[in-house]
file structure_26.txt (compact mmCIF, C-alpha atoms)
# COMPACT_ATOMS: atom_id res chain seq x y z
CA MET A 11 -23.34 -15.91 -29.70
CA PRO A 12 -24.24 -14.95 -26.11
CA PRO A 13 -21.46 -13.14 -24.23
CA ARG A 14 -21.28 -15.89 -21.60
CA THR A 15 -20.62 -18.54 -24.25
CA THR A 16 -17.96 -16.37 -25.88
CA PHE A 17 -16.36 -15.83 -22.50
CA LEU A 18 -16.33 -19.56 -21.76
CA ILE A 19 -14.76 -20.28 -25.16
CA ILE A 20 -11.99 -17.76 -24.47
CA LEU A 21 -11.38 -19.24 -21.02
CA ALA A 22 -11.25 -22.74 -22.51
CA THR A 23 -8.71 -21.57 -25.11
CA VAL A 24 -6.52 -20.05 -22.41
CA GLY A 25 -6.89 -23.19 -20.30
CA PHE A 26 -5.92 -25.39 -23.23
CA ALA A 27 -2.95 -23.16 -23.91
CA ALA A 28 -1.86 -23.41 -20.27
CA PHE A 29 -1.58 -27.14 -20.38
CA SER A 30 -0.38 -27.72 -23.93
CA ALA A 31 2.09 -24.89 -24.43
CA PRO A 32 5.75 -25.02 -23.46
CA ALA A 33 6.10 -23.60 -19.99
CA SER A 34 9.05 -21.79 -18.53
CA ARG A 35 9.77 -21.85 -14.87
CA ALA A 36 8.36 -18.77 -13.31
CA GLN A 37 10.63 -16.71 -11.10
CA GLU A 38 7.79 -15.57 -8.90
CA SER A 39 8.10 -12.72 -6.49
CA PRO A 40 6.87 -13.87 -3.07
CA TYR A 41 4.86 -10.67 -2.48
CA PHE A 42 1.06 -10.60 -2.67
CA VAL A 43 0.51 -6.87 -2.26
CA THR A 44 3.83 -5.16 -2.96
CA TYR A 45 5.05 -4.92 -6.53
CA ASN A 46 8.72 -5.01 -7.48
CA HIS A 47 10.23 -3.78 -10.75
CA TYR A 48 10.37 -7.13 -12.49
CA LEU A 49 7.91 -7.42 -15.35
CA GLU A 50 6.63 -10.39 -17.27
CA GLU A 51 8.86 -11.56 -20.12
CA PRO A 52 7.49 -10.40 -23.51
CA GLY A 53 5.09 -12.83 -25.12
CA ASN A 54 4.67 -14.87 -21.92
CA LEU A 55 1.37 -15.33 -20.13
CA GLU A 56 1.16 -16.16 -16.46
CA ILE A 57 -2.08 -17.58 -15.15
CA GLU A 58 -2.51 -17.42 -11.42
CA TYR A 59 -5.16 -18.36 -8.92
CA SER A 60 -4.85 -16.68 -5.53
CA SER A 61 -7.01 -16.44 -2.50
CA THR A 62 -7.34 -14.61 0.78
CA PHE A 63 -8.95 -16.12 3.84
CA GLY A 64 -9.87 -13.42 6.34
CA THR A 65 -11.24 -13.42 9.85
CA GLN A 66 -14.04 -10.96 10.50
CA ARG A 67 -15.14 -9.49 13.81
CA GLY A 68 -18.79 -8.50 13.84
CA GLY A 69 -19.52 -10.65 10.79
CA ASN A 70 -18.67 -13.92 9.04
CA ASP A 71 -15.16 -14.96 8.00
CA PHE A 72 -14.61 -14.95 4.25
CA HIS A 73 -12.63 -16.56 1.48
CA ALA A 74 -11.95 -14.22 -1.43
CA TYR A 75 -10.20 -15.35 -4.61
CA TRP A 76 -9.05 -14.03 -7.93
CA MET A 77 -7.82 -15.29 -11.29
CA GLU A 78 -4.99 -13.30 -12.72
CA PHE A 79 -3.83 -13.27 -16.35
CA GLU A 80 -0.51 -11.47 -16.61
CA TYR A 81 0.94 -10.87 -20.04
CA GLY A 82 4.27 -9.40 -21.13
CA VAL A 83 3.37 -7.06 -23.98
CA LYS A 84 6.92 -5.71 -24.24
CA ALA A 85 9.99 -6.13 -22.09
CA TRP A 86 9.02 -2.75 -20.53
CA TRP A 87 5.24 -3.19 -20.37
CA THR A 88 3.13 -5.78 -18.57
CA THR A 89 -0.64 -5.92 -18.60
CA GLU A 90 -2.82 -7.91 -16.19
CA PHE A 91 -6.47 -8.83 -16.08
CA TYR A 92 -8.23 -10.01 -12.92
CA LEU A 93 -11.51 -11.74 -12.17
CA ASP A 94 -12.50 -11.42 -8.49
CA GLY A 95 -14.94 -13.36 -6.35
CA GLN A 96 -15.60 -14.27 -2.75
CA THR A 97 -17.44 -16.60 -0.42
CA THR A 98 -18.59 -15.26 2.90
CA PHE A 99 -19.24 -18.20 5.22
CA GLY A 100 -22.87 -18.54 6.22
CA ASP A 101 -23.82 -16.03 3.54
CA SER A 102 -23.16 -16.51 -0.19
CA THR A 103 -20.66 -16.84 -3.02
CA ILE A 104 -20.52 -13.97 -5.49
CA PHE A 105 -18.54 -12.65 -8.43
CA THR A 106 -17.25 -9.25 -7.38
CA GLY A 107 -15.76 -7.69 -10.48
CA ILE A 108 -12.81 -7.15 -12.78
CA ARG A 109 -9.55 -5.26 -12.73
CA TRP A 110 -7.19 -4.33 -15.50
CA GLU A 111 -3.74 -3.10 -14.64
CA ASN A 112 -0.73 -1.96 -16.62
CA ARG A 113 2.85 -1.61 -15.45
CA VAL A 114 5.42 0.33 -17.43
CA ARG A 115 9.11 0.53 -16.75
CA PRO A 116 10.38 3.88 -18.05
CA LEU A 117 14.13 3.33 -17.68
CA LYS A 118 16.03 1.13 -20.09
CA ARG A 119 18.72 -0.02 -17.68
CA GLU A 120 18.88 -1.64 -14.27
CA HIS A 121 19.64 0.90 -11.54
CA LEU A 122 20.03 0.84 -7.78
CA ILE A 123 16.41 2.05 -7.55
CA ASN A 124 14.13 1.21 -10.46
CA PRO A 125 10.85 3.06 -10.93
CA VAL A 126 7.79 1.43 -12.46
CA LEU A 127 4.54 3.26 -13.22
CA TYR A 128 1.31 1.43 -12.54
CA VAL A 129 -2.24 2.22 -13.62
CA GLU A 130 -5.26 0.10 -12.78
CA TYR A 131 -8.92 0.31 -13.69
CA ALA A 132 -11.27 -1.59 -11.37
CA ASN A 133 -14.97 -2.24 -11.87
CA ILE A 134 -15.95 -3.99 -8.64
CA LYS A 135 -18.71 -4.37 -6.09
CA GLY A 136 -18.42 -3.13 -2.54
CA ALA A 137 -18.36 -6.80 -1.57
CA ASP A 138 -14.92 -7.31 -3.12
CA LYS A 139 -12.72 -8.74 -0.37
CA ILE A 140 -9.50 -9.83 -2.07
CA LEU A 141 -7.64 -7.08 -0.17
CA LYS A 142 -5.06 -6.81 -2.93
CA GLU A 143 -4.40 -3.40 -1.50
CA VAL A 144 -5.65 -1.57 1.59
CA GLU A 145 -6.45 2.07 0.80
CA GLY A 146 -7.53 5.26 2.50
CA HIS A 147 -9.58 4.55 5.61
CA ASP A 148 -10.37 0.91 4.71
CA ALA A 149 -11.18 -0.94 7.92
CA GLU A 150 -12.35 -4.37 9.00
CA ALA A 151 -15.80 -3.02 9.89
CA ASP A 152 -16.39 -2.16 6.19
CA PHE A 153 -16.52 -5.91 5.43
CA ALA A 154 -18.99 -6.86 8.19
CA PRO A 155 -22.34 -6.32 6.38
CA SER A 156 -23.89 -9.14 4.37
CA ASN A 157 -23.00 -9.75 0.72
CA GLY A 158 -26.47 -8.55 -0.26
CA THR A 159 -25.87 -5.18 1.37
CA LEU A 160 -22.27 -4.79 0.18
CA SER A 161 -23.13 -5.74 -3.39
CA LYS A 162 -25.41 -2.75 -3.71
CA GLU A 163 -22.34 -0.54 -3.80
CA HIS A 164 -20.71 -0.42 -7.20
CA LYS A 165 -17.21 1.00 -7.53
CA GLN A 166 -15.40 2.16 -10.62
CA GLU A 167 -11.90 3.09 -9.61
CA ILE A 168 -8.67 4.19 -11.07
CA GLU A 169 -5.57 3.42 -9.09
CA MET A 170 -2.04 4.61 -9.64
CA LYS A 171 1.18 3.42 -8.07
CA LEU A 172 4.73 4.53 -8.11
CA ILE A 173 6.78 1.38 -7.63
CA LEU A 174 10.37 1.85 -6.50
CA SER A 175 12.39 -1.31 -6.29
CA GLY A 176 15.98 -2.44 -6.23
CA THR A 177 17.95 -5.61 -5.61
CA PHE A 178 21.27 -5.67 -3.78
CA LYS A 179 23.22 -8.83 -3.04
CA GLY A 180 20.09 -10.91 -3.60
CA TRP A 181 17.87 -8.76 -1.35
CA ASN A 182 14.95 -7.11 -3.09
CA ILE A 183 13.54 -4.03 -1.43
CA SER A 184 10.35 -2.60 -2.91
CA GLN A 185 8.21 0.34 -1.95
CA ASN A 186 4.86 1.27 -3.50
CA THR A 187 3.11 4.58 -3.09
CA ILE A 188 -0.55 4.25 -4.01
CA ALA A 189 -3.23 6.76 -4.97
CA ALA A 190 -6.77 5.62 -5.84
CA LYS A 191 -9.85 7.51 -6.99
CA ASN A 192 -13.38 6.23 -7.11
CA PHE A 193 -15.14 7.78 -10.14
CA SER A 194 -18.01 8.72 -7.86
CA ASN A 195 -17.70 11.87 -5.84
CA SER A 196 -15.07 10.52 -3.42
CA PRO A 197 -11.69 12.01 -2.59
CA TRP A 198 -8.37 10.51 -3.65
CA GLU A 199 -7.28 7.79 -1.24
CA PHE A 200 -3.70 6.92 -0.42
CA ALA A 201 -1.84 3.82 0.67
CA TYR A 202 1.58 2.25 0.89
CA ALA A 203 3.21 -1.17 0.61
CA ILE A 204 6.77 -2.14 1.47
CA GLY A 205 8.42 -5.50 0.90
CA VAL A 206 11.79 -7.14 1.47
CA SER A 207 12.66 -10.58 0.13
CA ARG A 208 15.55 -12.81 -0.81
CA PRO A 209 16.02 -16.24 -2.42
CA LEU A 210 17.16 -18.82 0.14
CA ALA A 211 20.27 -19.49 -1.98
CA LEU A 212 21.93 -17.26 -4.53
CA LYS A 213 23.78 -19.94 -6.51
CA ALA A 214 21.96 -22.54 -8.57
CA ARG A 215 22.75 -26.22 -8.28
CA ALA A 216 24.06 -28.20 -11.23
CA ASN A 217 21.02 -30.48 -11.28
CA ARG A 218 17.29 -29.91 -11.47
CA CYS A 219 15.70 -30.27 -8.07
CA SER A 220 12.43 -29.33 -6.41
CA LEU A 221 13.59 -28.65 -2.89
CA CYS A 222 16.85 -26.81 -3.69
CA PRO A 223 17.05 -23.62 -1.63
CA GLN A 224 17.41 -21.44 -4.76
CA ASN A 225 13.82 -22.40 -5.65
CA PHE A 226 12.51 -20.65 -2.55
CA ALA A 227 12.25 -16.94 -1.85
CA ALA A 228 11.18 -15.62 1.52
CA GLY A 229 10.52 -12.17 2.88
CA ILE A 230 8.10 -9.90 4.60
CA GLU A 231 5.73 -7.17 3.48
CA MET A 232 3.85 -4.44 5.24
CA TYR A 233 0.94 -2.50 3.81
CA GLY A 234 -1.86 -0.20 4.85
CA GLY A 235 -3.87 2.93 4.22
CA LEU A 236 -2.76 6.53 4.51
CA GLY A 237 -6.13 8.23 4.61
CA ASP A 238 -7.51 10.42 1.86
CA ARG A 239 -7.09 13.89 0.45
CA GLN A 240 -9.28 15.39 3.17
CA SER A 241 -7.72 13.53 6.10
CA PHE A 242 -4.29 12.31 5.17
CA GLY A 243 -2.36 10.28 7.73
CA LEU A 244 -2.61 7.18 9.88
CA HIS A 245 -5.80 8.15 11.72
CA ASP A 246 -8.57 5.52 11.20
CA THR A 247 -6.51 3.38 8.86
CA SER A 248 -5.61 -0.31 8.90
CA HIS A 249 -2.20 -1.93 8.54
CA TYR A 250 -0.83 -5.43 8.07
CA LEU A 251 2.45 -7.27 8.45
CA ALA A 252 2.84 -10.44 6.43
CA PRO A 253 5.70 -12.91 6.04
CA VAL A 254 5.81 -14.27 2.47
CA LEU A 255 7.20 -17.43 0.90
CA ALA A 256 7.41 -18.47 -2.76
CA TRP A 257 8.36 -21.87 -4.13
CA ASN A 258 9.29 -21.97 -7.81
CA LEU A 259 8.94 -25.59 -8.86
CA PRO A 260 10.97 -27.04 -11.72
CA SER A 261 7.70 -28.52 -13.00
CA ASP A 262 6.79 -24.97 -14.16
CA TRP A 263 4.46 -24.17 -11.32
CA ALA A 264 4.95 -21.63 -8.56
CA LEU A 265 3.33 -21.62 -5.15
CA ARG A 266 3.10 -18.72 -2.72
CA ILE A 267 1.81 -18.42 0.81
CA SER A 268 1.55 -15.57 3.25
CA PRO A 269 -0.05 -15.34 6.68
CA GLY A 270 -0.88 -11.69 7.42
CA PHE A 271 -1.48 -10.10 10.78
CA GLY A 272 -3.47 -6.97 11.47
CA LEU A 273 -1.47 -4.34 13.32
CA ASN A 274 -4.26 -2.27 14.83
CA ASP A 275 -7.93 -2.44 15.81
CA ASN A 276 -9.10 -1.36 12.36
CA SER A 277 -7.39 -4.34 10.71
CA HIS A 278 -8.61 -7.89 10.24
CA ARG A 279 -6.86 -9.96 12.89
CA PHE A 280 -5.62 -12.58 10.42
CA LEU A 281 -5.40 -12.97 6.65
CA LEU A 282 -4.09 -16.11 5.03
CA ARG A 283 -3.16 -15.76 1.39
CA TRP A 284 -1.98 -18.41 -1.00
CA GLY A 285 -1.54 -18.61 -4.75
CA ILE A 286 -0.61 -21.03 -7.50
CA SER A 287 0.60 -19.96 -10.91
CA ARG A 288 1.96 -21.24 -14.18
CA GLU A 289 3.83 -19.27 -16.78
CA ILE A 290 3.29 -20.04 -20.45
CA SER A 291 6.24 -19.16 -22.55
CA GLY A 292 5.63 -17.80 -26.04
CA PHE A 293 1.88 -17.51 -25.55
CA GLY A 294 1.58 -14.46 -27.80
CA PRO A 295 3.31 -15.99 -30.84
CA MET A 296 1.35 -19.20 -30.30
CA ILE A 297 -1.97 -17.34 -30.42
CA GLY A 298 -0.68 -15.47 -33.48
CA LYS A 299 -0.08 -18.82 -35.11
CA LEU A 300 -3.64 -19.92 -34.34
CA PHE A 301 -4.85 -16.90 -36.25
CA GLY A 302 -2.64 -17.76 -39.20
CA ARG A 303 0.21 -15.36 -38.63
CA PRO A 304 3.54 -16.75 -39.79
CA GLN A 305 6.25 -17.04 -37.09
CA MET B 17 -20.04 -7.61 -22.68
CA ARG B 18 -17.99 -5.26 -20.53
CA LEU B 19 -16.18 -8.30 -19.14
CA LEU B 20 -15.10 -9.35 -22.58
CA LEU B 21 -13.38 -6.16 -23.55
CA PRO B 22 -10.23 -6.49 -21.42
CA VAL B 23 -9.91 -10.18 -22.38
CA LEU B 24 -10.08 -9.29 -26.05
CA ILE B 25 -7.53 -6.52 -25.56
CA LEU B 26 -5.23 -9.06 -23.95
CA PHE B 27 -5.60 -11.30 -26.99
CA VAL B 28 -4.91 -8.49 -29.40
CA PHE B 29 -1.75 -7.65 -27.47
CA SER B 30 -0.71 -11.25 -27.44
CA GLU B 31 -1.02 -11.44 -31.18
CA ILE B 32 0.73 -8.31 -32.25
CA ALA B 33 3.09 -7.25 -29.50
CA PRO B 34 5.68 -10.03 -29.41
CA ARG B 35 6.09 -9.77 -33.14
CA VAL B 36 7.29 -6.22 -32.84
CA GLY B 37 10.02 -7.25 -30.42
CA ALA B 38 10.88 -10.31 -32.47
CA GLN B 39 11.42 -8.53 -35.76
CA ASP B 40 15.15 -8.08 -35.27
CA HIS B 41 15.68 -11.73 -34.57
CA ALA B 42 13.34 -13.30 -37.07
CA ASN B 43 15.66 -13.18 -40.08
CA GLN B 44 19.19 -13.30 -38.87
CA LYS B 45 20.97 -12.67 -42.11
CA PRO B 46 24.50 -11.34 -41.63
CA THR B 47 23.40 -7.84 -42.65
CA LYS B 48 20.80 -7.77 -39.87
CA ARG B 49 23.21 -9.01 -37.24
CA ASN B 50 24.55 -5.63 -36.25
CA THR B 51 21.20 -4.49 -34.93
CA THR B 52 21.08 -7.35 -32.46
CA TYR B 53 24.68 -7.74 -31.43
CA ASP B 54 25.53 -4.05 -31.40
CA GLU B 55 24.48 -3.92 -27.76
CA ILE B 56 27.69 -5.70 -26.79
CA ALA B 57 29.63 -2.69 -28.05
CA GLN B 58 27.52 -0.38 -25.86
CA VAL B 59 28.55 -2.10 -22.62
CA PRO B 60 30.48 0.35 -20.39
CA ALA B 61 34.20 -0.38 -19.97
CA LYS B 62 33.87 -0.79 -16.21
CA ALA B 63 31.25 -3.53 -16.61
CA ARG B 64 33.28 -5.14 -19.37
CA ALA B 65 36.31 -5.40 -17.08
CA LYS B 66 34.40 -7.24 -14.36
CA ARG B 67 35.91 -10.64 -13.62
CA ASN B 68 33.72 -13.74 -13.50
CA PRO B 69 33.94 -14.89 -9.85
CA LEU B 70 32.77 -18.38 -10.82
CA GLU B 71 35.28 -18.85 -13.63
CA SER B 72 37.05 -21.69 -11.84
CA ASP B 73 33.95 -23.18 -10.25
CA PRO B 74 33.69 -26.75 -11.61
CA ASP B 75 29.88 -26.79 -11.28
CA ALA B 76 29.17 -23.39 -12.80
CA ILE B 77 28.73 -24.53 -16.42
CA ALA B 78 26.35 -27.34 -15.46
CA ALA B 79 24.36 -25.01 -13.21
CA GLY B 80 24.31 -22.44 -16.02
CA ARG B 81 22.97 -25.08 -18.39
CA VAL B 82 20.06 -25.81 -16.01
CA LEU B 83 19.32 -22.09 -15.76
CA PHE B 84 19.57 -21.69 -19.54
CA GLU B 85 17.03 -24.48 -20.05
CA GLN B 86 14.68 -22.88 -17.55
CA HIS B 87 14.87 -19.26 -18.63
CA CYS B 88 16.59 -18.78 -22.00
CA GLN B 89 16.12 -21.67 -24.40
CA GLU B 90 12.55 -20.68 -25.22
CA CYS B 91 13.84 -17.59 -27.03
CA HIS B 92 17.41 -18.53 -27.94
CA GLY B 93 16.76 -22.15 -28.95
CA ARG B 94 17.53 -25.45 -27.28
CA SER B 95 21.22 -25.34 -28.27
CA ALA B 96 21.44 -21.54 -28.13
CA GLU B 97 21.56 -21.53 -31.92
CA GLY B 98 18.93 -18.78 -32.08
CA ALA B 99 15.18 -19.07 -32.56
CA GLY B 100 12.35 -16.82 -33.71
CA ARG B 101 12.52 -14.55 -30.68
CA GLY B 102 16.19 -14.49 -29.72
CA PRO B 103 19.52 -14.45 -31.56
CA SER B 104 22.15 -17.19 -31.58
CA LEU B 105 24.57 -17.14 -28.66
CA ARG B 106 27.08 -19.30 -30.48
CA VAL B 107 28.22 -16.57 -32.85
CA GLN B 108 31.63 -14.93 -32.71
CA GLU B 109 30.24 -11.64 -31.37
CA ILE B 110 29.09 -13.39 -28.19
CA GLN B 111 31.89 -15.89 -27.86
CA THR B 112 34.62 -13.25 -28.13
CA ALA B 113 32.84 -10.82 -25.82
CA GLU B 114 34.21 -10.36 -22.32
CA PRO B 115 32.31 -12.28 -19.60
CA GLY B 116 31.61 -8.92 -17.95
CA ALA B 117 29.89 -7.69 -21.11
CA ILE B 118 27.59 -10.72 -21.27
CA PHE B 119 26.86 -10.36 -17.56
CA TRP B 120 25.92 -6.72 -18.14
CA ILE B 121 23.57 -7.63 -21.00
CA LEU B 122 21.92 -10.28 -18.81
CA SER B 123 21.55 -7.79 -15.95
CA ASN B 124 20.18 -4.91 -18.03
CA GLY B 125 18.50 -6.70 -20.91
CA VAL B 126 17.99 -5.12 -24.30
CA VAL B 127 14.58 -3.96 -23.23
CA ARG B 128 13.63 -1.96 -26.34
CA ARG B 129 14.42 -4.97 -28.52
CA GLY B 130 12.44 -7.48 -26.49
CA MET B 131 15.19 -8.98 -24.31
CA PRO B 132 14.10 -8.65 -20.67
CA ASP B 133 16.61 -7.95 -17.96
CA TRP B 134 17.45 -10.95 -15.82
CA SER B 135 18.44 -9.09 -12.71
CA LYS B 136 15.64 -11.03 -11.02
CA LEU B 137 18.13 -13.91 -11.01
CA PRO B 138 20.68 -13.45 -8.21
CA GLU B 139 24.13 -12.32 -9.32
CA PRO B 140 25.84 -15.74 -8.89
CA GLN B 141 23.18 -17.34 -11.12
CA ARG B 142 23.81 -14.76 -13.82
CA TRP B 143 27.53 -15.59 -13.65
CA GLU B 144 26.67 -19.29 -13.94
CA LEU B 145 24.75 -18.43 -17.10
CA VAL B 146 27.78 -16.52 -18.41
CA CYS B 147 29.94 -19.60 -17.76
CA PHE B 148 27.52 -21.76 -19.75
CA ILE B 149 27.20 -19.30 -22.64
CA LYS B 150 30.98 -18.94 -22.93
CA SER B 151 31.37 -22.72 -22.83
CA LEU B 152 29.35 -22.99 -26.06
CA GLY B 153 32.29 -21.67 -28.01
CA LYS B 154 34.79 -24.16 -26.61
CA LYS B 155 35.67 -27.13 -28.75
CA PRO B 156 34.99 -30.45 -27.01
CA GLY B 157 38.03 -32.34 -25.72

call {"tool": "encode", "arguments": {"input": "structure_26.txt", "output": "structure tokens"}}
result
Amino acid sequence: MPPRTTFLIILATVGFAAFSAPASRAQESPYFVTYNHYLEEPGNLEIEYSSTFGTQRGGNDFHAYWMEFEYGVKAWWTTEFYLDGQTTFGDSTIFTGIRWENRVRPLKREHLINPVLYVEYANIKGADKILKEVEGHDAEADFAPSNGTLSKEHKQEIEMKLILSGTFKGWNISQNTIAAKNFSNSPWEFAYAIGVSRPLALKARANRCSLCPQNFAAGIEMYGGLGDRQSFGLHDTSHYLAPVLAWNLPSDWALRISPGFGLNDNSHRFLLRWGISREISGFGPMIGKLFGRPQ
Amino acid sequence: MRLLLPVLILFVFSEIAPRVGAQDHANQKPTKRNTTYDEIAQVPAKARAKRNPLESDPDAIAAGRVLFEQHCQECHGRSAEGAGRGPSLRVQEIQTAEPGAIFWILSNGVVRRGMPDWSKLPEPQRWELVCFIKSLGKKPG
């Protein structure tokens, strides 16, 4: 069977599962870039579509998007698989690559500050524009060339993060320190992301409702590059500030939106991100059942 | 083909991993119970002594029920009687436990045994859940 057919069959299976399986209401973090210490519940699969619209000086604006499959392997280990793509207006639409990330929570208990270790492998083209993180000396000008030119660059990267996160009186504060290495002969690049968020209400209401304030979480995140091993610091780096809002619907869907603003001349002036996700409860056991494993 | 590899890995995980976490809960014979409910005994005294601030809130049980349906019933069963992935919450070990102990378990999870921590829910919502769980042991009327 050709790989493309196999791939389509797998996607169809996941799609079928998404709409036929029992869903549990996701408690989505509103952040797009910053990670907090909350992992996916074991056995659950979250399918998410997200996109980034970006303005581009010296080139065409773009719309980049990614599909995200997030699975709770254990209560302390979450794995995620991404498919990235983008459309550059007046240019073309292209598939830009894959990412596979793993997050592990080493401590058993909840603490004031909770560390999470993150490792990601990315196999992407230079034309990848999802801006899931901004690293090293990444700048707006890097995105200006045409898709044809950018696609010639092929990146295989490993990225590591130390996620520190804690929640106090409903406020979540998260900080990510990021180090990324292209497998080619490039130096380690560094970056940061910081986020603060809070649900609009801390108590739940006694009835199911869509517009109850406890279904919303709002906050702000800031992220940017910190140079590389040879020139560490803020020189020639880009930075963004982005308010974030998540709406966890009782109908098992979650929506997120975040307008982002570039903070210096190296940054895109404006990024608009939005995402929609659905969490499938008990996806793992359900697939096990398909393969004949008893429950 | 390179694209397929991570997808297949995801599927392999999905098939085997939850079963490991679910083993303790799958056959809840009395002899197996200790492994699951032992965690209650591990709760620190200070956490155990914590008072439920929503104890006298008339809406707390109903709100806790809504939260239970959204986040817990998938593992613990529709009536909290226990299901393949989570133990019963109607048993004596839970119903006689201090509210502070249940709150602590909700906040910290039993991560190595597959129960995630629910500290992502704000504190008042966790107390609402405690109110609902404790109400399961009360006789109607």

call {"tool": "closest_atom_pairs", "arguments": {"input": "structure_26.txt", "of": "range 36-154 of chain B", "to": "range 255-271 of chain A", "cutoff": "12 Å", "atoms": "all atoms listed in the file", "output": "tab-separated table"}}
result
residue	atom	partner	partner_atom	distance
B:Val82	CA	A:Pro260	CA	10.1
B:Leu83	CA	A:Pro260	CA	10.5
B:Glu85	CA	A:Pro260	CA	10.6
B:Gln86	CA	A:Pro260	CA	8.1
B:His87	CA	A:Asp262	CA	10.9

call {"tool": "closest_atom_pairs", "arguments": {"input": "structure_26.txt", "of": "chain A", "to": "chain B", "cutoff": "8 Å", "atoms": "all atoms listed in the file", "output": "tab-separated table"}}
result
residue	atom	partner	partner_atom	distance
A:Pro13	CA	B:Met17	CA	5.9
A:Phe17	CA	B:Leu20	CA	6.6
A:Ser34	CA	B:Gln86	CA	5.8
A:Arg35	CA	B:Gln86	CA	5.7
A:Gln37	CA	B:Lys136	CA	7.6
A:Tyr48	CA	B:Lys136	CA	6.7
A:Glu51	CA	B:Pro132	CA	6.0
A:Pro52	CA	B:Pro34	CA	6.2
A:Gly53	CA	B:Pro34	CA	5.2
A:Tyr81	CA	B:Leu26	CA	7.5
A:Val83	CA	B:Ala33	CA	5.5
A:Lys84	CA	B:Gly130	CA	6.2
A:Ala85	CA	B:Pro132	CA	5.0
A:Trp86	CA	B:Val127	CA	6.3
A:Thr89	CA	B:Leu26	CA	7.7
A:Phe91	CA	B:Pro22	CA	6.9
A:Ile108	CA	B:Leu19	CA	7.3
A:Trp110	CA	B:Pro22	CA	7.0
A:Lys118	CA	B:Val127	CA	6.2
A:Arg119	CA	B:Asn124	CA	5.1
A:Glu120	CA	B:Asn124	CA	5.1
A:Thr177	CA	B:Ser135	CA	7.9
A:Lys179	CA	B:Glu139	CA	7.2
A:Gly180	CA	B:Pro138	CA	5.3
A:Pro209	CA	B:Pro138	CA	7.9
A:Leu212	CA	B:Pro138	CA	5.4
A:Lys213	CA	B:Pro140	CA	5.2
A:Ala214	CA	B:Ala79	CA	5.8
A:Arg215	CA	B:Ala79	CA	5.3
A:Ala216	CA	B:Ala79	CA	3.8
A:Asn217	CA	B:Ala79	CA	6.7
A:Arg218	CA	B:Val82	CA	6.7
A:Ser291	CA	B:Glu90	CA	7.0
A:Gly292	CA	B:Glu90	CA	7.5
A:Phe293	CA	B:Ser30	CA	7.0
A:Gly294	CA	B:Ser30	CA	4.0
A:Pro295	CA	B:Glu31	CA	6.3
A:Ile297	CA	B:Glu31	CA	6.0
A:Gly298	CA	B:Glu31	CA	4.7
A:Gln305	CA	B:Gly100	CA	7.0

call {"tool": "closest_residue", "arguments": {"input": "structure_26.txt", "among": "A:Asp138, A:Glu90, A:Glu150, A:Glu289", "to": "Arg67 in chain A", "atoms": "only C-alpha atoms"}}
result
A:Glu150

call {"tool": "residues_around", "arguments": {"input": "structure_26.txt", "residues": "Asn124 in chain A", "least_positions_apart": "5", "cutoff": "10 Å", "atoms": "all atoms listed in the file", "output": "VMD selection string"}}
result
chain A and resid 46 to 48 115 to 119 173 to 177 184

call {"tool": "write_last_selection", "arguments": {"input": "structure_26.txt", "atoms": "C-alpha atoms", "output": "PDB file, keeping the file's coordinate frame"}}
result
ATOM      1  CA  ASN A  46       8.720  -5.010  -7.480  1.00  0.00           C
ATOM      2  CA  HIS A  47      10.230  -3.780 -10.750  1.00  0.00           C
ATOM      3  CA  TYR A  48      10.370  -7.130 -12.490  1.00  0.00           C
ATOM      4  CA  ARG A 115       9.110   0.530 -16.750  1.00  0.00           C
ATOM      5  CA  PRO A 116      10.380   3.880 -18.050  1.00  0.00           C
ATOM      6  CA  LEU A 117      14.130   3.330 -17.680  1.00  0.00           C
ATOM      7  CA  LYS A 118      16.030   1.130 -20.090  1.00  0.00           C
ATOM      8  CA  ARG A 119      18.720  -0.020 -17.680  1.00  0.00           C
ATOM      9  CA  ILE A 173       6.780   1.380  -7.630  1.00  0.00           C
ATOM     10  CA  LEU A 174      10.370   1.850  -6.500  1.00  0.00           C
ATOM     11  CA  SER A 175      12.390  -1.310  -6.290  1.00  0.00           C
ATOM     12  CA  GLY A 176      15.980  -2.440  -6.230  1.00  0.00           C
ATOM     13  CA  THR A 177      17.950  -5.610  -5.610  1.00  0.00           C
ATOM     14  CA  SER A 184      10.350  -2.600  -2.910  1.00  0.00           C
TER      15      SER A 184
END

call {"tool": "axis_aligned_box", "arguments": {"input": "structure_26.txt", "around": "range 114-124 of chain B", "padding_each_side": "3 Å", "output": "lines of an AutoDock Vina configuration file"}}
result
center_x = 27.2
center_y = -8.6
center_z = -19.1
size_x = 20.0
size_y = 13.4
size_z = 12.4

call {"tool": "residues_around", "arguments": {"input": "structure_26.txt", "residues": "Gly64 in chain A", "least_positions_apart": "2", "cutoff": "9 Å", "atoms": "all atoms listed in the file", "output": "JSON, numbers by chain"}}
result
{"A": [62, 66, 71, 72, 73, 74, 139, 278, 279, 280, 281, 282, 283]}

call {"tool": "closest_residue", "arguments": {"input": "structure_26.txt", "among": "A:Ala137, A:Val114, A:Ala201, A:Ile57", "to": "Thr159 in chain A", "atoms": "all atoms listed in the file"}}
result
A:Ala137
